[in-house]
$ cat final-v3.txt   # compact mmCIF, C-alpha atoms and all ligand atoms
# COMPACT_ATOMS: atom_id res chain seq x y z
CA MET A 13 60.83 53.56 55.29
CA SER A 14 60.15 53.25 51.60
CA GLU A 15 61.31 55.20 48.57
CA LYS A 16 58.71 56.53 46.16
CA ALA A 17 60.47 58.46 43.41
CA GLY A 18 64.04 59.33 42.53
CA ARG A 19 65.54 56.22 41.07
CA ALA A 20 62.31 55.24 39.39
CA PRO A 21 63.24 54.22 35.82
CA GLY A 22 60.87 56.46 33.87
CA ARG A 23 57.12 56.85 33.73
CA SER A 24 55.82 54.74 36.55
CA GLN A 25 52.41 53.25 37.03
CA ALA A 26 52.34 54.22 40.69
CA GLY A 27 48.77 54.70 41.83
CA PRO A 28 47.58 55.31 45.35
CA HIS A 29 50.22 54.11 47.77
CA PRO A 30 49.19 51.71 50.56
CA LEU A 31 50.20 54.39 53.05
CA GLY A 32 48.09 57.07 51.40
CA GLY A 33 50.38 58.99 49.01
CA SER A 34 51.38 58.55 45.41
CA ALA A 35 54.32 59.54 43.25
CA ASP A 36 54.50 59.35 39.49
CA VAL A 37 57.58 60.17 37.43
CA LEU A 38 56.33 62.46 34.66
CA VAL A 39 59.42 63.29 32.61
CA GLY A 40 63.06 62.31 32.51
CA ARG A 41 63.51 58.65 31.80
CA GLY A 42 66.32 57.35 33.99
CA ALA A 43 67.34 60.82 35.21
CA PRO A 44 67.46 61.32 38.96
CA VAL A 45 64.50 63.06 40.58
CA THR A 46 64.12 64.24 44.18
CA PRO A 47 63.40 61.15 46.27
CA ILE A 48 60.32 60.90 48.50
CA ARG A 49 61.05 58.84 51.61
CA GLU A 50 58.06 57.55 53.55
CA TYR A 51 57.95 56.83 57.27
CA PRO A 52 55.29 55.14 59.40
CA ASP A 53 55.09 57.64 62.30
CA THR A 54 51.63 58.20 63.74
CA THR A 55 52.59 60.65 66.50
CA TRP A 56 54.24 64.08 66.71
CA ALA A 57 55.54 63.29 70.18
CA ASP A 58 58.96 62.11 71.26
CA ASP A 59 58.11 58.43 71.35
CA GLY A 60 57.62 58.13 67.57
CA PRO A 61 59.93 55.75 65.69
CA THR A 62 61.84 58.07 63.31
CA ARG A 63 64.85 60.03 64.56
CA GLY A 64 68.33 61.03 63.42
CA VAL A 65 67.46 61.48 59.73
CA GLU A 66 69.51 64.66 59.17
CA VAL A 67 71.59 63.07 56.39
CA LEU A 68 68.55 62.24 54.27
CA LEU A 69 67.07 65.70 54.67
CA GLU A 70 70.42 67.36 53.92
CA SER A 71 70.83 65.18 50.83
CA GLY A 72 67.72 66.84 49.37
CA ALA A 73 65.04 64.21 50.00
CA VAL A 74 61.41 64.89 50.89
CA LEU A 75 60.56 63.11 54.15
CA SER A 76 56.89 62.10 54.05
CA PHE A 77 54.74 60.86 56.93
CA PRO A 78 51.43 59.69 55.41
CA GLN A 79 49.93 58.69 58.77
CA LEU A 80 50.69 61.86 60.69
CA PRO A 81 47.65 64.17 60.63
CA PHE A 82 47.41 67.50 62.41
CA VAL A 83 44.17 66.84 64.29
CA LEU A 84 41.64 69.68 64.55
CA THR A 85 39.03 69.80 67.29
CA GLU A 86 35.38 69.69 66.30
CA SER A 87 35.13 73.42 66.83
CA GLU A 88 38.32 74.19 64.86
CA ARG A 89 36.97 72.47 61.76
CA ARG A 90 35.00 75.62 61.00
CA PHE A 91 38.31 77.31 60.12
CA LEU A 92 38.65 75.06 57.04
CA ASP A 93 37.03 77.78 54.97
CA PRO A 94 38.62 80.56 52.85
CA ARG A 95 36.29 83.14 54.46
CA TRP A 96 38.77 83.45 57.35
CA ALA A 97 41.48 84.72 54.96
CA ASP A 98 41.51 88.43 54.23
CA GLY A 99 42.00 87.83 50.49
CA LYS A 100 45.22 89.86 50.32
CA ALA A 101 47.86 87.52 51.73
CA LYS A 102 48.10 83.98 50.37
CA ASN A 103 47.91 82.61 53.90
CA ILE A 104 47.05 83.34 57.52
CA SER A 105 50.33 83.53 59.36
CA LEU A 106 51.57 83.70 62.89
CA ARG A 107 54.84 85.47 63.61
CA TRP A 108 57.01 84.69 66.58
CA GLY A 109 58.93 87.20 68.64
CA ASP A 110 62.18 86.73 70.53
CA GLY A 111 62.18 83.74 72.83
CA GLN A 112 59.28 82.40 70.75
CA ALA A 113 56.79 84.78 72.35
CA LEU A 114 53.49 84.60 70.52
CA GLY A 115 53.48 87.34 67.90
CA ASP A 116 50.87 88.85 65.58
CA MET A 117 48.53 86.89 63.40
CA ARG A 118 48.21 88.33 59.90
CA GLY A 119 45.94 87.70 56.97
CA ALA A 120 42.84 86.66 58.94
CA VAL A 121 39.41 88.29 59.28
CA GLY A 122 36.84 87.59 61.99
CA GLU A 123 35.61 88.37 65.52
CA GLY A 124 37.93 88.46 68.51
CA ALA A 125 37.00 85.11 70.06
CA ASP A 126 37.14 83.33 66.71
CA LEU A 127 40.51 84.85 65.87
CA ALA A 128 41.87 83.82 69.28
CA ALA A 129 40.75 80.23 68.63
CA LEU A 130 42.27 80.31 65.15
CA GLN A 131 45.51 81.66 66.55
CA ALA A 132 45.59 78.90 69.19
CA MET A 133 45.15 76.27 66.48
CA ILE A 134 48.03 77.66 64.42
CA ALA A 135 50.24 77.98 67.53
CA ARG A 136 49.56 74.33 68.37
CA TYR A 137 50.85 73.38 64.93
CA ALA A 138 54.04 75.33 65.66
CA GLU A 139 54.56 73.48 68.94
CA GLN A 140 53.88 70.05 67.48
CA SER A 141 56.00 70.53 64.38
CA GLU A 142 58.89 71.89 66.44
CA ALA A 143 58.87 68.92 68.82
CA PHE A 144 58.69 66.66 65.77
CA ALA A 145 61.60 68.39 63.97
CA LEU A 146 63.78 68.14 67.07
CA ARG A 147 63.11 64.39 67.27
CA LEU A 148 63.84 63.87 63.56
CA PHE A 149 66.94 66.07 63.64
CA PRO A 150 68.53 65.97 67.10
CA HIS A 151 71.71 67.52 65.68
CA TYR A 152 69.77 70.77 65.17
CA ARG A 153 68.65 71.05 68.81
CA GLY A 154 69.43 74.52 70.12
CA HIS A 155 69.96 75.83 66.57
CA LEU A 156 66.54 75.74 64.89
CA LYS A 157 64.96 79.17 64.85
CA ARG A 158 61.18 79.25 64.58
CA GLY A 159 59.92 81.24 61.60
CA ASN A 160 56.34 81.97 60.57
CA THR A 161 53.57 79.43 61.02
CA SER A 162 50.98 79.47 58.24
CA PHE A 163 47.50 78.20 57.61
CA ARG A 164 46.37 78.20 53.98
CA PRO A 165 42.62 77.75 53.62
CA VAL A 166 42.66 79.10 50.05
CA ASP A 167 42.80 76.90 46.96
CA VAL A 168 46.14 76.78 45.10
CA VAL A 169 44.24 76.93 41.80
CA GLY A 170 43.04 80.29 40.57
CA ARG A 171 45.31 82.45 42.68
CA GLU A 172 46.19 85.43 40.54
CA THR A 173 49.92 85.86 40.35
CA SER A 174 52.94 87.00 38.32
CA TRP A 175 55.29 84.42 36.80
CA ARG A 176 57.84 85.14 39.50
CA LYS A 177 55.31 84.43 42.26
CA ASP A 178 53.74 81.50 40.42
CA ASP A 179 54.45 78.53 42.69
CA THR A 180 52.90 76.08 40.23
CA ARG A 181 56.26 76.35 38.42
CA LEU A 182 59.18 74.26 39.66
CA HIS A 183 61.48 76.36 41.84
CA ILE A 184 63.70 76.48 44.87
CA ASP A 185 62.65 79.00 47.51
CA ALA A 186 64.57 82.28 47.28
CA PHE A 187 63.17 85.75 47.92
CA PRO A 188 64.03 89.09 46.28
CA SER A 189 63.59 91.15 49.45
CA ASN A 190 64.86 88.68 52.01
CA PRO A 191 68.50 87.61 51.50
CA MET A 192 69.24 84.48 53.55
CA HIS A 193 73.07 84.56 53.48
CA GLY A 194 72.99 80.76 53.31
CA THR A 195 70.63 80.22 56.24
CA ARG A 196 68.53 77.15 55.49
CA LEU A 197 64.73 77.05 55.11
CA LEU A 198 63.38 73.91 56.74
CA ARG A 199 59.64 73.48 56.27
CA VAL A 200 57.09 71.14 57.85
CA PHE A 201 53.84 70.90 55.86
CA CYS A 202 50.61 69.09 56.68
CA ASN A 203 47.57 68.60 54.46
CA VAL A 204 44.44 69.20 56.58
CA ASN A 205 41.90 69.02 53.75
CA PRO A 206 38.61 67.61 55.13
CA ALA A 207 37.23 66.43 51.76
CA GLY A 208 39.93 63.96 50.75
CA ARG A 209 41.76 66.30 48.36
CA PRO A 210 45.51 65.72 48.09
CA ARG A 211 48.12 68.45 48.06
CA GLU A 212 49.52 68.00 44.57
CA TRP A 213 53.20 68.72 44.10
CA ARG A 214 55.76 68.22 41.41
CA VAL A 215 59.35 67.68 42.51
CA GLY A 216 62.29 68.18 40.18
CA GLU A 217 65.91 67.29 39.64
CA PRO A 218 68.43 67.25 42.53
CA PHE A 219 69.91 70.61 43.51
CA GLU A 220 73.38 70.02 42.06
CA ALA A 221 72.01 69.03 38.64
CA HIS A 222 69.80 72.12 38.77
CA ALA A 223 72.69 74.41 39.66
CA ARG A 224 74.81 72.98 36.83
CA ARG A 225 71.96 73.65 34.39
CA TYR A 226 72.08 77.45 34.89
CA LEU A 227 75.29 78.31 36.72
CA GLY A 228 77.40 78.89 33.59
CA SER A 229 75.04 81.61 32.39
CA ILE A 230 74.68 83.51 35.68
CA ALA A 231 76.87 86.62 35.71
CA ARG A 232 78.33 87.99 38.92
CA PRO A 233 76.26 90.76 40.52
CA VAL A 234 76.90 94.27 39.22
CA PRO A 235 79.17 96.03 41.77
CA GLY A 236 77.21 98.43 43.97
CA THR A 237 73.86 96.77 43.33
CA ALA A 238 73.68 94.99 46.70
CA TRP A 239 74.54 98.23 48.50
CA LEU A 240 71.85 100.14 46.58
CA LEU A 241 69.18 97.47 47.15
CA GLU A 242 69.83 97.57 50.89
CA LYS A 243 70.10 101.37 51.03
CA THR A 244 66.73 101.83 49.29
CA GLY A 245 65.04 99.20 51.47
CA ILE A 246 64.32 96.82 48.58
CA THR A 247 66.25 94.14 50.48
CA LYS A 248 66.04 93.70 54.26
CA ARG A 249 69.81 93.23 54.45
CA ARG A 250 72.69 92.99 52.02
CA ARG A 251 72.19 90.59 49.12
CA THR A 252 75.33 88.46 49.00
CA GLU A 253 76.57 86.68 45.89
CA TYR A 254 75.03 83.52 47.34
CA ASP A 255 71.61 85.25 47.45
CA HIS A 256 72.16 86.59 43.94
CA VAL A 257 72.83 83.10 42.56
CA MET A 258 69.89 81.53 44.43
CA LEU A 259 67.51 84.22 43.18
CA GLN A 260 68.79 83.73 39.64
CA LEU A 261 68.19 79.98 39.92
CA HIS A 262 64.65 80.66 41.20
CA ASP A 263 63.88 83.16 38.44
CA ARG A 264 65.48 81.29 35.56
CA ALA A 265 63.69 78.06 36.39
CA LYS A 266 60.31 79.78 36.61
CA ALA A 267 60.87 81.73 33.38
CA ASP A 268 62.05 78.68 31.40
CA ALA A 269 59.06 76.94 29.82
CA THR A 270 61.25 74.21 28.31
CA PHE A 271 62.67 73.43 31.72
CA GLN A 272 59.22 73.44 33.34
CA GLN A 273 57.84 70.94 30.86
CA GLY A 274 60.86 68.88 29.90
CA SER A 275 63.12 68.57 32.94
CA PRO A 276 63.22 65.44 35.11
CA GLN A 277 60.27 65.61 37.50
CA ALA A 278 57.75 63.55 39.40
CA ARG A 279 54.24 64.21 40.60
CA VAL A 280 53.61 63.62 44.28
CA ASP A 281 50.19 63.64 45.91
CA PHE A 282 50.20 64.24 49.65
CA ALA A 283 46.88 62.86 50.89
CA PRO A 284 45.04 64.52 53.78
CA GLY A 285 46.66 63.47 57.04
CA THR A 286 50.13 63.52 55.48
CA THR A 287 52.95 65.58 56.95
CA TRP A 288 56.10 66.21 54.90
CA VAL A 289 59.42 67.86 55.66
CA VAL A 290 61.88 69.49 53.22
CA PHE A 291 64.64 72.00 52.87
CA SER A 292 62.65 74.17 50.47
CA ASP A 293 65.74 76.15 49.40
CA GLN A 294 67.18 72.89 48.05
CA VAL A 295 64.28 70.76 46.80
CA LEU A 296 62.84 71.77 43.40
CA HIS A 297 59.09 71.87 44.01
CA ALA A 298 55.84 73.18 42.56
CA ALA A 299 52.41 73.28 44.22
CA MET A 300 49.90 72.21 41.55
CA GLY A 301 46.72 71.88 43.57
CA GLY A 302 45.09 71.48 46.94
CA GLN A 303 43.42 73.45 49.69
CA HIS A 304 43.86 73.66 53.46
CA MET A 305 47.45 73.25 54.54
CA MET A 306 49.56 73.96 57.60
CA GLU A 307 53.15 75.11 57.18
CA GLN A 308 55.90 75.76 59.71
CA THR A 309 59.19 77.38 58.70
CA PHE A 310 62.41 76.93 60.66
CA TYR A 311 65.72 78.63 59.99
CA LEU A 312 69.03 76.85 60.43
CA ASP A 313 72.52 78.22 59.98
CA VAL A 314 74.55 76.27 57.43
CA ALA A 315 77.27 75.75 60.05
CA ASP A 316 74.78 73.90 62.26
CA GLN A 317 74.00 71.27 59.64
CA LEU A 318 75.47 67.81 60.11
CA HIS A 319 77.14 68.21 56.70
CA PRO A 320 77.34 71.92 55.76
CA GLU A 321 79.06 71.00 52.50
CA ALA A 322 75.81 69.34 51.34
CA SER A 323 73.93 72.67 51.55
CA PRO A 324 73.10 74.80 48.50
CA ARG A 325 75.89 77.20 49.53
CA GLY A 326 78.38 74.34 49.92
CA THR A 327 77.34 72.90 46.56
CA LEU A 328 77.51 76.24 44.72
CA GLU A 329 80.89 77.11 46.26
CA ARG A 330 82.29 73.74 45.20
CA LEU A 331 80.97 74.14 41.65
CA LEU A 332 82.25 77.72 41.35
CA GLY A 333 85.51 77.13 43.19
CA ARG A 334 85.12 80.18 45.42
CA GLU A 335 83.29 81.44 48.47
CA LEU A 336 79.90 83.09 48.01
CA ARG A 337 79.66 85.55 50.90
FE FE A 401 58.16 77.28 47.22

$ encode --input "final-v3.txt" --output "structure tokens"
Amino acid sequence: MSEKAGRAPGRSQAGPHPLGGSADVLVGRGAPVTPIREYPDTTWADDGPTRGVEVLLESGAVLSFPQLPFVLTESERRFLDPRWADGKAKNISLRWGDGQALGDMRGAVGEGADLAALQAMIARYAEQSEAFALRLFPHYRGHLKRGNTSFRPVDVVGRETSWRKDDTRLHIDAFPSNPMHGTRLLRVFCNVNPAGRPREWRVGEPFEAHARRYLGSIARPVPGTAWLLEKTGITKRRRTEYDHVMLQLHDRAKADATFQQGSPQARVDFAPGTTWVVFSDQVLHAAMGGQHMMEQTFYLDVADQLHPEASPRGTLERLLGRELR
């Protein structure tokens, strides 16, 4: 394992890393930045070397596997083309029903046989990333819930978007319509670009530093608002104070140009063939460029973490001195 960013003492000269990635501290001399930990795994299967790394993930690190490609068959390589995306959604996604029954595929256009092959490719990513996550995080076995699996054949650059949806700005993941009640968002990404293009990210300051930056200026939710949002269907369930604070952190960071440009941050390039794993509700991240990516979301209850107190909810409750339910 090696560490790429985080305690780097300012602007680094890091170029291409021997293992295929690169990280470069852009701003914030001496200030802590999200660490990128690299591992040498070359297989998704159970016999790979890395396991039991819950503490690092829960501490807010990005776990990067530069030699772990998601391998497409010769025939699947044709799907590395934006023409399979319907142009409305930002990705082609597979939903899973109860008991992980194969659900609908959304966002794709094509003929029946092609779509079935595309669906099989995306489902294989779900299976491989789940087996991998359970090896890395054995403590979560029996508790990880499979969320959507996505394939993104569309370029990050040039996607028309509002500031709130602009993922080229540093943010933690939090959604206006989908209150999480503290449930964690664990994501497994893989760059499948066939032309050598990296997935370009920025990562930002650690979660606690980020919370301290804005927490003093976030007012409590207006009484009755959560009820009204749920009643009118704007939220899928009740927005708790935890969801309110997380959404405020997401929005304030994205709306704050000074923060975007001047806060501690590092650039990370994930080369093709790299897989990386994060809690995206904890790690400040921004997607600056790239095309062709796989993404698997898992949900995990805070109580099923190895150290629930390290979660965003645990951190916010400690800083505020009260429960956020
Ligand atoms: Fe995000």

$ residues_near_ligand --input "final-v3.txt" --ligand "ligand FE 401 (chain A)" --cutoff "10 Å" --atoms "all atoms listed in the file" --output "PyMOL selection string"
chain A and resi 177-187+199+262+292-293+295-299

$ residues_around --input "final-v3.txt" --residues "Leu312 in chain A" --least-positions-apart "5" --cutoff "7 Å" --atoms "only C-alpha atoms" --output "list in words"
His155, Leu156, Lys157, Thr195, Arg196 and Leu197 of chain A

$ atom_distance --input "final-v3.txt" --atom1 "CA of Ala129 in chain A" --atom2 "CA of Arg89 in chain A"
11.0 Å

$ closest_residue --input "final-v3.txt" --among "A:Arg264, A:Lys102, A:Arg153, A:Arg49" --to "Arg176 in chain A" --atoms "all atoms listed in the file"
A:Arg264

$ residues_around --input "final-v3.txt" --residues "Gly208 in chain A" --least-positions-apart "5" --cutoff "12 Å" --atoms "all atoms listed in the file" --output "ChimeraX atom specification"
/A:32-33,203,281-286,302-304

$ residues_near_point --input "final-v3.txt" --point "(59.4, 70.2, 70.5)" --cutoff "12 Å" --atoms "all atoms listed in the file" --output "MDAnalysis selection string"
chainID A and resid 56:59 136:150 152:154 156:158

$ atom_distance --input "final-v3.txt" --atom1 "CA of Arg279 in chain A" --atom2 "CA of Glu217 in chain A"
12.1 Å

$ closest_residue --input "final-v3.txt" --among "A:Gly72, A:His151, A:Ala97, A:Leu114" --to "Asp316 in chain A" --atoms "only C-alpha atoms"
A:His151

$ residues_around --input "final-v3.txt" --residues "range 246-254 of chain A" --least-positions-apart "3" --cutoff "10 Å" --atoms "only C-alpha atoms" --output "PDB file with C-alpha atoms, keeping the file's coordinate frame"
ATOM      1  CA  PHE A 187      63.170  85.750  47.920  1.00  0.00           C
ATOM      2  CA  PRO A 188      64.030  89.090  46.280  1.00  0.00           C
ATOM      3  CA  SER A 189      63.590  91.150  49.450  1.00  0.00           C
ATOM      4  CA  ASN A 190      64.860  88.680  52.010  1.00  0.00           C
ATOM      5  CA  PRO A 191      68.500  87.610  51.500  1.00  0.00           C
ATOM      6  CA  MET A 192      69.240  84.480  53.550  1.00  0.00           C
ATOM      7  CA  HIS A 193      73.070  84.560  53.480  1.00  0.00           C
ATOM      8  CA  GLY A 194      72.990  80.760  53.310  1.00  0.00           C
ATOM      9  CA  ARG A 232      78.330  87.990  38.920  1.00  0.00           C
ATOM     10  CA  PRO A 233      76.260  90.760  40.520  1.00  0.00           C
ATOM     11  CA  THR A 237      73.860  96.770  43.330  1.00  0.00           C
ATOM     12  CA  ALA A 238      73.680  94.990  46.700  1.00  0.00           C
ATOM     13  CA  TRP A 239      74.540  98.230  48.500  1.00  0.00           C
ATOM     14  CA  LEU A 240      71.850 100.140  46.580  1.00  0.00           C
ATOM     15  CA  LEU A 241      69.180  97.470  47.150  1.00  0.00           C
ATOM     16  CA  GLU A 242      69.830  97.570  50.890  1.00  0.00           C
ATOM     17  CA  LYS A 243      70.100 101.370  51.030  1.00  0.00           C
ATOM     18  CA  VAL A 257      72.830  83.100  42.560  1.00  0.00           C
ATOM     19  CA  MET A 258      69.890  81.530  44.430  1.00  0.00           C
ATOM     20  CA  LEU A 259      67.510  84.220  43.180  1.00  0.00           C
ATOM     21  CA  GLN A 260      68.790  83.730  39.640  1.00  0.00           C
ATOM     22  CA  PRO A 324      73.100  74.800  48.500  1.00  0.00           C
ATOM     23  CA  ARG A 325      75.890  77.200  49.530  1.00  0.00           C
ATOM     24  CA  LEU A 328      77.510  76.240  44.720  1.00  0.00           C
ATOM     25  CA  GLU A 329      80.890  77.110  46.260  1.00  0.00           C
ATOM     26  CA  GLU A 335      83.290  81.440  48.470  1.00  0.00           C
ATOM     27  CA  LEU A 336      79.900  83.090  48.010  1.00  0.00           C
ATOM     28  CA  ARG A 337      79.660  85.550  50.900  1.00  0.00           C
TER      29      ARG A 337
END

$ atom_distance --input "final-v3.txt" --atom1 "CA of Arg214 in chain A" --atom2 "CA of Leu69 in chain A"
17.6 Å

$ closest_residue --input "final-v3.txt" --among "A:Leu331, A:Leu318, A:Met300, A:Val200" --to "Trp288 in chain A" --atoms "only C-alpha atoms"
A:Val200
